[in-house]
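As provided, model.cif (mmCIF, C-alpha atoms) reads as follows.
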```
data_target
#
loop_
_atom_site.group_PDB
_atom_site.id
_atom_site.type_symbol
_atom_site.label_atom_id
_atom_site.label_comp_id
_atom_site.auth_asym_id
_atom_site.auth_seq_id
_atom_site.Cartn_x
_atom_site.Cartn_y
_atom_site.Cartn_z
ATOM 1 C CA MET O 1 -116.564 -5.116 131.691
ATOM 2 C CA ARG O 2 -115.416 -4.280 135.226
ATOM 3 C CA HIS O 3 -111.780 -4.535 134.139
ATOM 4 C CA ARG O 4 -112.423 -2.042 131.322
ATOM 5 C CA LEU O 5 -114.140 0.377 133.707
ATOM 6 C CA GLU O 6 -111.167 0.223 136.058
ATOM 7 C CA PHE O 7 -108.823 1.263 133.237
ATOM 8 C CA GLU O 8 -111.177 4.083 132.219
ATOM 9 C CA ARG O 9 -111.267 5.273 135.844
ATOM 10 C CA ARG O 10 -107.488 5.208 136.112
ATOM 11 C CA TYR O 11 -107.083 7.222 132.899
ATOM 12 C CA LEU O 12 -109.704 9.671 134.176
ATOM 13 C CA ILE O 13 -107.986 10.310 137.518
ATOM 14 C CA GLY O 14 -104.447 10.152 136.106
ATOM 15 C CA ARG O 15 -103.262 7.011 137.919
ATOM 16 C CA THR O 16 -101.477 5.444 134.944
ATOM 17 C CA PRO O 17 -97.873 4.692 135.950
ATOM 18 C CA TRP O 18 -97.450 2.666 132.740
ATOM 19 C CA ASP O 19 -98.081 5.772 130.625
ATOM 20 C CA THR O 20 -94.574 7.241 130.839
ATOM 21 C CA GLY O 21 -94.664 9.153 127.550
ATOM 22 C CA ILE O 22 -91.356 7.519 126.567
ATOM 23 C CA THR O 23 -90.800 4.614 124.193
ATOM 24 C CA PRO O 24 -88.631 2.093 126.080
ATOM 25 C CA PRO O 25 -84.936 2.014 125.094
ATOM 26 C CA GLU O 26 -85.263 -1.745 124.465
ATOM 27 C CA VAL O 27 -87.784 -1.004 121.717
ATOM 28 C CA MET O 28 -85.769 1.887 120.295
ATOM 29 C CA ALA O 29 -82.621 -0.259 120.110
ATOM 30 C CA PHE O 30 -84.539 -2.995 118.293
ATOM 31 C CA LEU O 31 -86.041 -0.576 115.751
ATOM 32 C CA GLN O 32 -82.780 1.178 114.859
ATOM 33 C CA GLY O 33 -81.799 0.231 111.331
ATOM 34 C CA ARG O 34 -84.932 -1.838 110.679
ATOM 35 C CA PRO O 35 -86.871 -0.969 107.542
ATOM 36 C CA ALA O 36 -90.318 0.446 108.230
ATOM 37 C CA GLY O 37 -93.431 -1.485 107.266
ATOM 38 C CA ARG O 38 -96.813 -2.127 108.861
ATOM 39 C CA ALA O 39 -96.891 -2.138 112.662
ATOM 40 C CA LEU O 40 -99.492 -3.167 115.232
ATOM 41 C CA ASP O 41 -99.338 -1.559 118.689
ATOM 42 C CA ILE O 42 -101.381 -3.710 121.079
ATOM 43 C CA GLY O 43 -102.623 -1.915 124.179
ATOM 44 C CA CYS O 44 -101.438 1.439 122.848
ATOM 45 C CA GLY O 45 -102.783 3.553 125.700
ATOM 46 C CA THR O 46 -102.327 7.241 124.890
ATOM 47 C CA GLY O 47 -100.277 6.433 121.794
ATOM 48 C CA THR O 48 -96.664 7.079 122.788
ATOM 49 C CA ASN O 49 -95.207 4.006 121.043
ATOM 50 C CA ALA O 50 -97.565 4.281 118.066
ATOM 51 C CA MET O 51 -96.377 7.852 117.544
ATOM 52 C CA THR O 52 -92.729 6.794 117.798
ATOM 53 C CA LEU O 53 -93.321 4.132 115.147
ATOM 54 C CA ALA O 54 -95.148 6.599 112.877
ATOM 55 C CA HIS O 55 -92.307 9.116 113.246
ATOM 56 C CA MET O 56 -89.951 6.352 112.073
ATOM 57 C CA GLY O 57 -92.025 5.801 108.923
ATOM 58 C CA TRP O 58 -94.165 2.842 110.003
ATOM 59 C CA ALA O 59 -97.818 2.559 108.956
ATOM 60 C CA VAL O 60 -99.362 1.997 112.381
ATOM 61 C CA THR O 61 -102.556 0.406 113.598
ATOM 62 C CA ALA O 62 -102.854 0.979 117.348
ATOM 63 C CA ILE O 63 -105.449 -0.728 119.518
ATOM 64 C CA ASP O 64 -106.703 -0.356 123.057
ATOM 65 C CA PHE O 65 -109.963 -0.999 124.859
ATOM 66 C CA SER O 66 -109.951 2.283 126.809
ATOM 67 C CA GLN O 67 -112.024 4.905 125.037
ATOM 68 C CA LEU O 68 -110.421 7.690 127.088
ATOM 69 C CA ALA O 69 -106.877 6.520 126.277
ATOM 70 C CA LEU O 70 -107.734 6.336 122.571
ATOM 71 C CA HIS O 71 -109.270 9.826 122.649
ATOM 72 C CA ARG O 72 -106.020 11.184 124.100
ATOM 73 C CA ALA O 73 -103.935 9.204 121.616
ATOM 74 C CA ARG O 74 -105.883 10.551 118.641
ATOM 75 C CA ARG O 75 -105.545 14.106 119.937
ATOM 76 C CA LYS O 76 -101.767 13.740 120.448
ATOM 77 C CA ALA O 77 -101.286 12.226 116.972
ATOM 78 C CA ARG O 78 -103.317 14.987 115.299
ATOM 79 C CA ALA O 79 -101.287 17.645 117.125
ATOM 80 C CA ALA O 80 -98.086 15.978 115.882
ATOM 81 C CA GLY O 81 -99.408 15.717 112.316
ATOM 82 C CA LEU O 82 -99.269 11.908 112.354
ATOM 83 C CA SER O 83 -101.674 9.543 110.630
ATOM 84 C CA ILE O 84 -102.281 6.522 112.878
ATOM 85 C CA ASP O 85 -105.200 4.094 112.682
ATOM 86 C CA PHE O 86 -106.408 4.013 116.317
ATOM 87 C CA ARG O 87 -109.093 1.424 117.068
ATOM 88 C CA ARG O 88 -111.027 0.278 120.113
ATOM 89 C CA VAL O 89 -110.359 -3.460 120.132
ATOM 90 C CA ASP O 90 -110.348 -6.176 122.776
ATOM 91 C CA ALA O 91 -106.820 -7.645 122.644
ATOM 92 C CA SER O 92 -108.079 -11.037 123.808
ATOM 93 C CA ARG O 93 -109.886 -11.425 120.465
ATOM 94 C CA LEU O 94 -108.218 -8.932 118.089
ATOM 95 C CA ASP O 95 -111.464 -8.779 116.076
ATOM 96 C CA GLY O 96 -111.578 -6.364 113.165
ATOM 97 C CA VAL O 97 -107.802 -6.106 112.819
ATOM 98 C CA ALA O 98 -106.405 -7.137 109.442
ATOM 99 C CA GLY O 99 -102.802 -8.038 108.727
ATOM 100 C CA PRO O 100 -100.312 -8.842 107.671
ATOM 101 C CA PHE O 101 -98.123 -6.732 109.930
ATOM 102 C CA ASP O 102 -94.324 -6.695 109.821
ATOM 103 C CA PHE O 103 -93.992 -5.797 113.494
ATOM 104 C CA ALA O 104 -96.153 -6.029 116.608
ATOM 105 C CA LEU O 105 -95.507 -4.358 119.929
ATOM 106 C CA ASP O 106 -97.097 -4.993 123.299
ATOM 107 C CA ILE O 107 -95.855 -3.025 126.277
ATOM 108 C CA GLY O 108 -97.947 -4.336 129.156
ATOM 109 C CA CYS O 109 -101.204 -5.486 127.576
ATOM 110 C CA PHE O 110 -100.796 -9.275 127.541
ATOM 111 C CA HIS O 111 -100.108 -9.504 131.271
ATOM 112 C CA SER O 112 -103.291 -7.568 132.094
ATOM 113 C CA LEU O 113 -105.527 -10.146 130.394
ATOM 114 C CA SER O 114 -107.151 -13.156 132.024
ATOM 115 C CA PRO O 115 -105.555 -16.550 131.246
ATOM 116 C CA GLU O 116 -108.367 -17.176 128.732
ATOM 117 C CA GLY O 117 -107.806 -13.756 127.177
ATOM 118 C CA ARG O 118 -104.081 -14.449 126.889
ATOM 119 C CA ALA O 119 -104.805 -17.687 125.041
ATOM 120 C CA GLY O 120 -107.134 -15.923 122.590
ATOM 121 C CA TYR O 121 -104.585 -13.168 121.998
ATOM 122 C CA ALA O 122 -101.732 -15.613 121.360
ATOM 123 C CA SER O 123 -103.719 -17.776 118.949
ATOM 124 C CA ARG O 124 -104.999 -14.794 116.941
ATOM 125 C CA LEU O 125 -101.742 -12.806 116.809
ATOM 126 C CA SER O 126 -99.924 -15.295 114.598
ATOM 127 C CA ASP O 127 -102.651 -14.882 111.959
ATOM 128 C CA LEU O 128 -102.015 -11.132 111.855
ATOM 129 C CA LEU O 129 -98.243 -11.182 111.397
ATOM 130 C CA ALA O 130 -96.326 -11.797 108.190
ATOM 131 C CA LEU O 131 -93.833 -14.639 108.044
ATOM 132 C CA ARG O 132 -90.610 -13.582 109.786
ATOM 133 C CA ALA O 133 -92.366 -10.567 111.345
ATOM 134 C CA ALA O 134 -90.983 -9.391 114.670
ATOM 135 C CA PHE O 135 -92.982 -9.170 117.899
ATOM 136 C CA ILE O 136 -91.818 -7.495 121.109
ATOM 137 C CA LEU O 137 -93.707 -8.247 124.307
ATOM 138 C CA PHE O 138 -93.062 -6.599 127.671
ATOM 139 C CA SER O 139 -94.695 -8.340 130.605
ATOM 140 C CA PHE O 140 -94.578 -8.448 134.352
ATOM 141 C CA LEU O 141 -93.763 -11.969 135.518
ATOM 142 C CA ALA O 142 -95.331 -14.044 138.263
ATOM 143 C CA GLU O 143 -93.433 -14.536 141.470
ATOM 144 C CA PRO O 144 -93.692 -17.821 143.396
ATOM 145 C CA GLY O 145 -97.190 -18.094 144.828
ATOM 146 C CA ASP O 146 -98.506 -15.164 142.771
ATOM 147 C CA GLU O 147 -100.894 -16.271 140.042
ATOM 148 C CA SER O 148 -102.022 -12.758 139.051
ATOM 149 C CA TRP O 149 -99.271 -12.339 136.439
ATOM 150 C CA PRO O 150 -98.150 -14.777 133.724
ATOM 151 C CA SER O 151 -95.014 -16.806 134.296
ATOM 152 C CA ARG O 152 -92.124 -16.850 131.855
ATOM 153 C CA THR O 153 -93.064 -20.443 131.003
ATOM 154 C CA GLU O 154 -96.695 -19.498 130.339
ATOM 155 C CA ILE O 155 -95.616 -16.725 127.989
ATOM 156 C CA GLU O 156 -93.155 -18.916 126.123
ATOM 157 C CA ASN O 157 -95.732 -21.712 125.820
ATOM 158 C CA ALA O 158 -98.378 -19.288 124.543
ATOM 159 C CA PHE O 159 -96.266 -18.181 121.587
ATOM 160 C CA GLN O 160 -93.825 -20.995 120.797
ATOM 161 C CA ALA O 161 -96.076 -22.753 118.268
ATOM 162 C CA SER O 162 -95.960 -19.766 115.891
ATOM 163 C CA PHE O 163 -92.931 -17.779 117.012
ATOM 164 C CA HIS O 164 -89.246 -18.305 117.661
ATOM 165 C CA LEU O 165 -87.873 -16.493 120.718
ATOM 166 C CA THR O 166 -84.852 -14.515 119.492
ATOM 167 C CA HIS O 167 -84.063 -12.443 122.580
ATOM 168 C CA LEU O 168 -85.068 -12.382 126.246
ATOM 169 C CA GLU O 169 -84.175 -9.635 128.688
ATOM 170 C CA ILE O 170 -85.258 -10.259 132.279
ATOM 171 C CA GLY O 171 -85.301 -7.406 134.759
ATOM 172 C CA GLU O 172 -87.416 -5.554 137.269
ATOM 173 C CA THR O 173 -89.985 -2.808 136.694
ATOM 174 C CA PHE O 174 -91.825 -0.953 139.460
ATOM 175 C CA GLY O 175 -90.316 -3.453 141.922
ATOM 176 C CA ARG O 176 -91.748 -6.483 140.078
ATOM 177 C CA PRO O 177 -90.015 -9.130 137.962
ATOM 178 C CA SER O 178 -90.480 -8.318 134.290
ATOM 179 C CA ALA O 179 -89.140 -9.278 130.883
ATOM 180 C CA TYR O 180 -88.869 -8.163 127.284
ATOM 181 C CA PHE O 181 -89.470 -11.039 124.876
ATOM 182 C CA THR O 182 -88.493 -10.592 121.217
ATOM 183 C CA TRP O 183 -90.035 -13.099 118.834
ATOM 184 C CA GLU O 184 -89.904 -13.838 115.125
ATOM 185 C CA ARG O 185 -92.875 -15.394 113.311
ATOM 186 C CA HIS O 186 -92.026 -18.841 111.940
ATOM 187 C CA ALA O 187 -91.563 -19.016 108.186
#
```
Take the structure in the file and give it back as structure tokens.
Amino acid sequence: MRHRLEFERRYLIGRTPWDTGITPPEVMAFLQGRPAGRALDIGCGTGTNAMTLAHMGWAVTAIDFSQLALHRARRKARAAGLSIDFRRVDASRLDGVAGPFDFALDIGCFHSLSPEGRAGYASRLSDLLALRAAFILFSFLAEPGDESWPSRTEIENAFQASFHLTHLEIGETFGRPSAYFTWERHA
């Protein structure tokens, strides 16, 4: 509950450095030439990536646990004339979300969950994605001695039972180690 209130507070005062209003070029490059289908945007915030997907013809379900972020996302989508199914959902459980989805996107949600929440997310996500569906995950990575972020190994272990890692791009974001993981759901 406290974690949720902190996100609501940050959206209220405008301290949301993750909310850039731009879909990352890594995601855009991946989506180019892919046929549209059903997409799930996990931790959608104010809806930037959900709106990009909808503009590209995807049927989008976008989830977040911040009521204020979802309110802003709905308002932006209405103003753009886009139909997106925004829902208030806890990503650690993904309750009330029905697949199958052809694509899932997470730009910074997984790494904000507790280790238990990450495990719940990973186990439930595979049930929501169609066979051979794609999944892109952006996450900050732990540095030596820093347990507050997931490690690359933890992330790979969380998803390897149901997904095949097809691409990994390691870099730095906001001065922290980070990575884009691209997965495909096992057939």
Selected residue, from O:Trp58, O:Phe101, O:Phe163, O:Trp18, that lies nearest to O:Ile84 when counting all atoms listed in the file =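 Counting all atoms listed in the file, the residue closest to O:Ile84 is O:Trp58.
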Distance of atom CA of O:Pro100 from atom CA of O:His167, expressed in Å to one decimal place =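 Result for atom CA of O:His167 versus atom CA of O:Pro100: 22.3 Å, one decimal.
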Give me the residues within 10 Å of O:Thr153 as a PyMOL selection string, counting all atoms listed in the file and dropping any in the same chain fewer than 3 places off.
-> chain O and resi 141-142+150+156-158
Of the candidates O:Ile13, O:Leu40, O:Met28, O:Tyr180, which one gets nearest to O:Thr52 if we count only C-alpha atoms?
-> O:Met28
Run through the PyMOL selection byres ((chain O and resi 38) around 9) on the given coordinates and return the selected residues as a list of chain:residue names.
->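 In the shown coordinates, the PyMOL selection byres ((chain O and resi 38) around 9) covers O:Ala36, O:Gly37, O:Ala39, O:Leu40, O:Trp58, O:Ala59, O:Val60, O:Thr61, O:Gly99, O:Pro100, O:Phe101, O:Asp102, O:Phe103, O:Ala104.
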Would you compute the box with edges along x, y and z of the file around stretch 67-80 of chain O, including every atom the file lists for it and 6 Å extra on each side, and give its centre and edge lengths in Å to one decimal, as JSON?
```
{"center_x": -105.1, "center_y": 11.3, "center_z": 121.2, "size_x": 25.9, "size_y": 24.7, "size_z": 23.8}
```
O:Leu53 proximity check over O:Ser178, O:Ser139, O:Thr20, O:Ser83, using only C-alpha atoms: winner is O:Ser83
Selection dump of the PyMOL selection byres ((chain O and resi 144-147) around 12), as a tab-separated table (two decimals) with C-alpha atoms, keeping the file's coordinate frame:
```
chain	number	residue	atom	x	y	z
O	111	HIS	CA	-100.11	-9.50	131.27
O	114	SER	CA	-107.15	-13.16	132.02
O	115	PRO	CA	-105.56	-16.55	131.25
O	140	PHE	CA	-94.58	-8.45	134.35
O	141	LEU	CA	-93.76	-11.97	135.52
O	142	ALA	CA	-95.33	-14.04	138.26
O	143	GLU	CA	-93.43	-14.54	141.47
O	148	SER	CA	-102.02	-12.76	139.05
O	149	TRP	CA	-99.27	-12.34	136.44
O	150	PRO	CA	-98.15	-14.78	133.72
O	151	SER	CA	-95.01	-16.81	134.30
O	152	ARG	CA	-92.12	-16.85	131.85
O	154	GLU	CA	-96.70	-19.50	130.34
O	176	ARG	CA	-91.75	-6.48	140.08
O	177	PRO	CA	-90.02	-9.13	137.96
```
Length of the atom CA of O:Thr46 to atom CA of O:Gln67 vector [Å] =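 Answer for the atom CA of O:Thr46 to atom CA of O:Gln67 separation: 10.0 Å.
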Find the distance between atom CA of O:Ser162 and atom CA of O:Leu131 and write it in Å to one decimal.
-> 9.6 Å
With distances taken over all atoms listed in the file, which of O:Ala122, O:Ala91, O:Ala187, O:Ile136 is nearest to O:Gln160?
->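 Counting all atoms listed in the file, the residue closest to O:Gln160 is O:Ala122.
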Neighbourhood query: residues within 12 Å of (-105.6, -12.0, 118.0), file coordinates, counting all atoms listed in the file; return as a ChimeraX atom specification.
-> /O:40,42,63,89-99,104,110,117-129,159
Might you pull out every residue within 7 Å of stretch 71-77 of chain O, with all atoms listed in the file counted and same-chain residues fewer than 2 positions away left off, and present them as a ChimeraX atom specification?
-> /O:46-47,51,67-69,79-83,86
Residue neighbourhood O:Thr166, 12 Å, only C-alpha atoms, exclusion window fewer than 2 positions, as a PDB file with C-alpha atoms, in the frame of the given file:
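The result, stored in part.pdb:
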```pdb
ATOM      1  CA  PHE O  30     -84.539  -2.995 118.293  1.00  0.00           C
ATOM      2  CA  ARG O 132     -90.610 -13.582 109.786  1.00  0.00           C
ATOM      3  CA  ALA O 133     -92.366 -10.567 111.345  1.00  0.00           C
ATOM      4  CA  ALA O 134     -90.983  -9.391 114.670  1.00  0.00           C
ATOM      5  CA  PHE O 135     -92.982  -9.170 117.899  1.00  0.00           C
ATOM      6  CA  ILE O 136     -91.818  -7.495 121.109  1.00  0.00           C
ATOM      7  CA  LEU O 137     -93.707  -8.247 124.307  1.00  0.00           C
ATOM      8  CA  GLU O 156     -93.155 -18.916 126.123  1.00  0.00           C
ATOM      9  CA  GLN O 160     -93.825 -20.995 120.797  1.00  0.00           C
ATOM     10  CA  PHE O 163     -92.931 -17.779 117.012  1.00  0.00           C
ATOM     11  CA  HIS O 164     -89.246 -18.305 117.661  1.00  0.00           C
ATOM     12  CA  LEU O 168     -85.068 -12.382 126.246  1.00  0.00           C
ATOM     13  CA  GLU O 169     -84.175  -9.635 128.688  1.00  0.00           C
ATOM     14  CA  TYR O 180     -88.869  -8.163 127.284  1.00  0.00           C
ATOM     15  CA  PHE O 181     -89.470 -11.039 124.876  1.00  0.00           C
ATOM     16  CA  THR O 182     -88.493 -10.592 121.217  1.00  0.00           C
ATOM     17  CA  TRP O 183     -90.035 -13.099 118.834  1.00  0.00           C
ATOM     18  CA  GLU O 184     -89.904 -13.838 115.125  1.00  0.00           C
ATOM     19  CA  ARG O 185     -92.875 -15.394 113.311  1.00  0.00           C
ATOM     20  CA  HIS O 186     -92.026 -18.841 111.940  1.00  0.00           C
TER      21      HIS O 186
END
```
So what does the PyMOL selection byres ((chain O and resi 23) around 6) actually pick up in this one, as a ChimeraX atom specification?
-> /O:22,24,49
With distances taken over all atoms listed in the file, which of O:Ala54, O:Glu26, O:Asp106, O:Ser66 is nearest to O:Arg88?
->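 Among O:Ala54, O:Glu26, O:Asp106, O:Ser66, it is O:Ser66 that comes nearest to O:Arg88.
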Proximity to O:Ile107 - best of O:Ala50, O:Asp64, O:Gly175, O:Phe138, only C-alpha atoms |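 Among O:Ala50, O:Asp64, O:Gly175, O:Phe138, it is O:Phe138 that comes nearest to O:Ile107.
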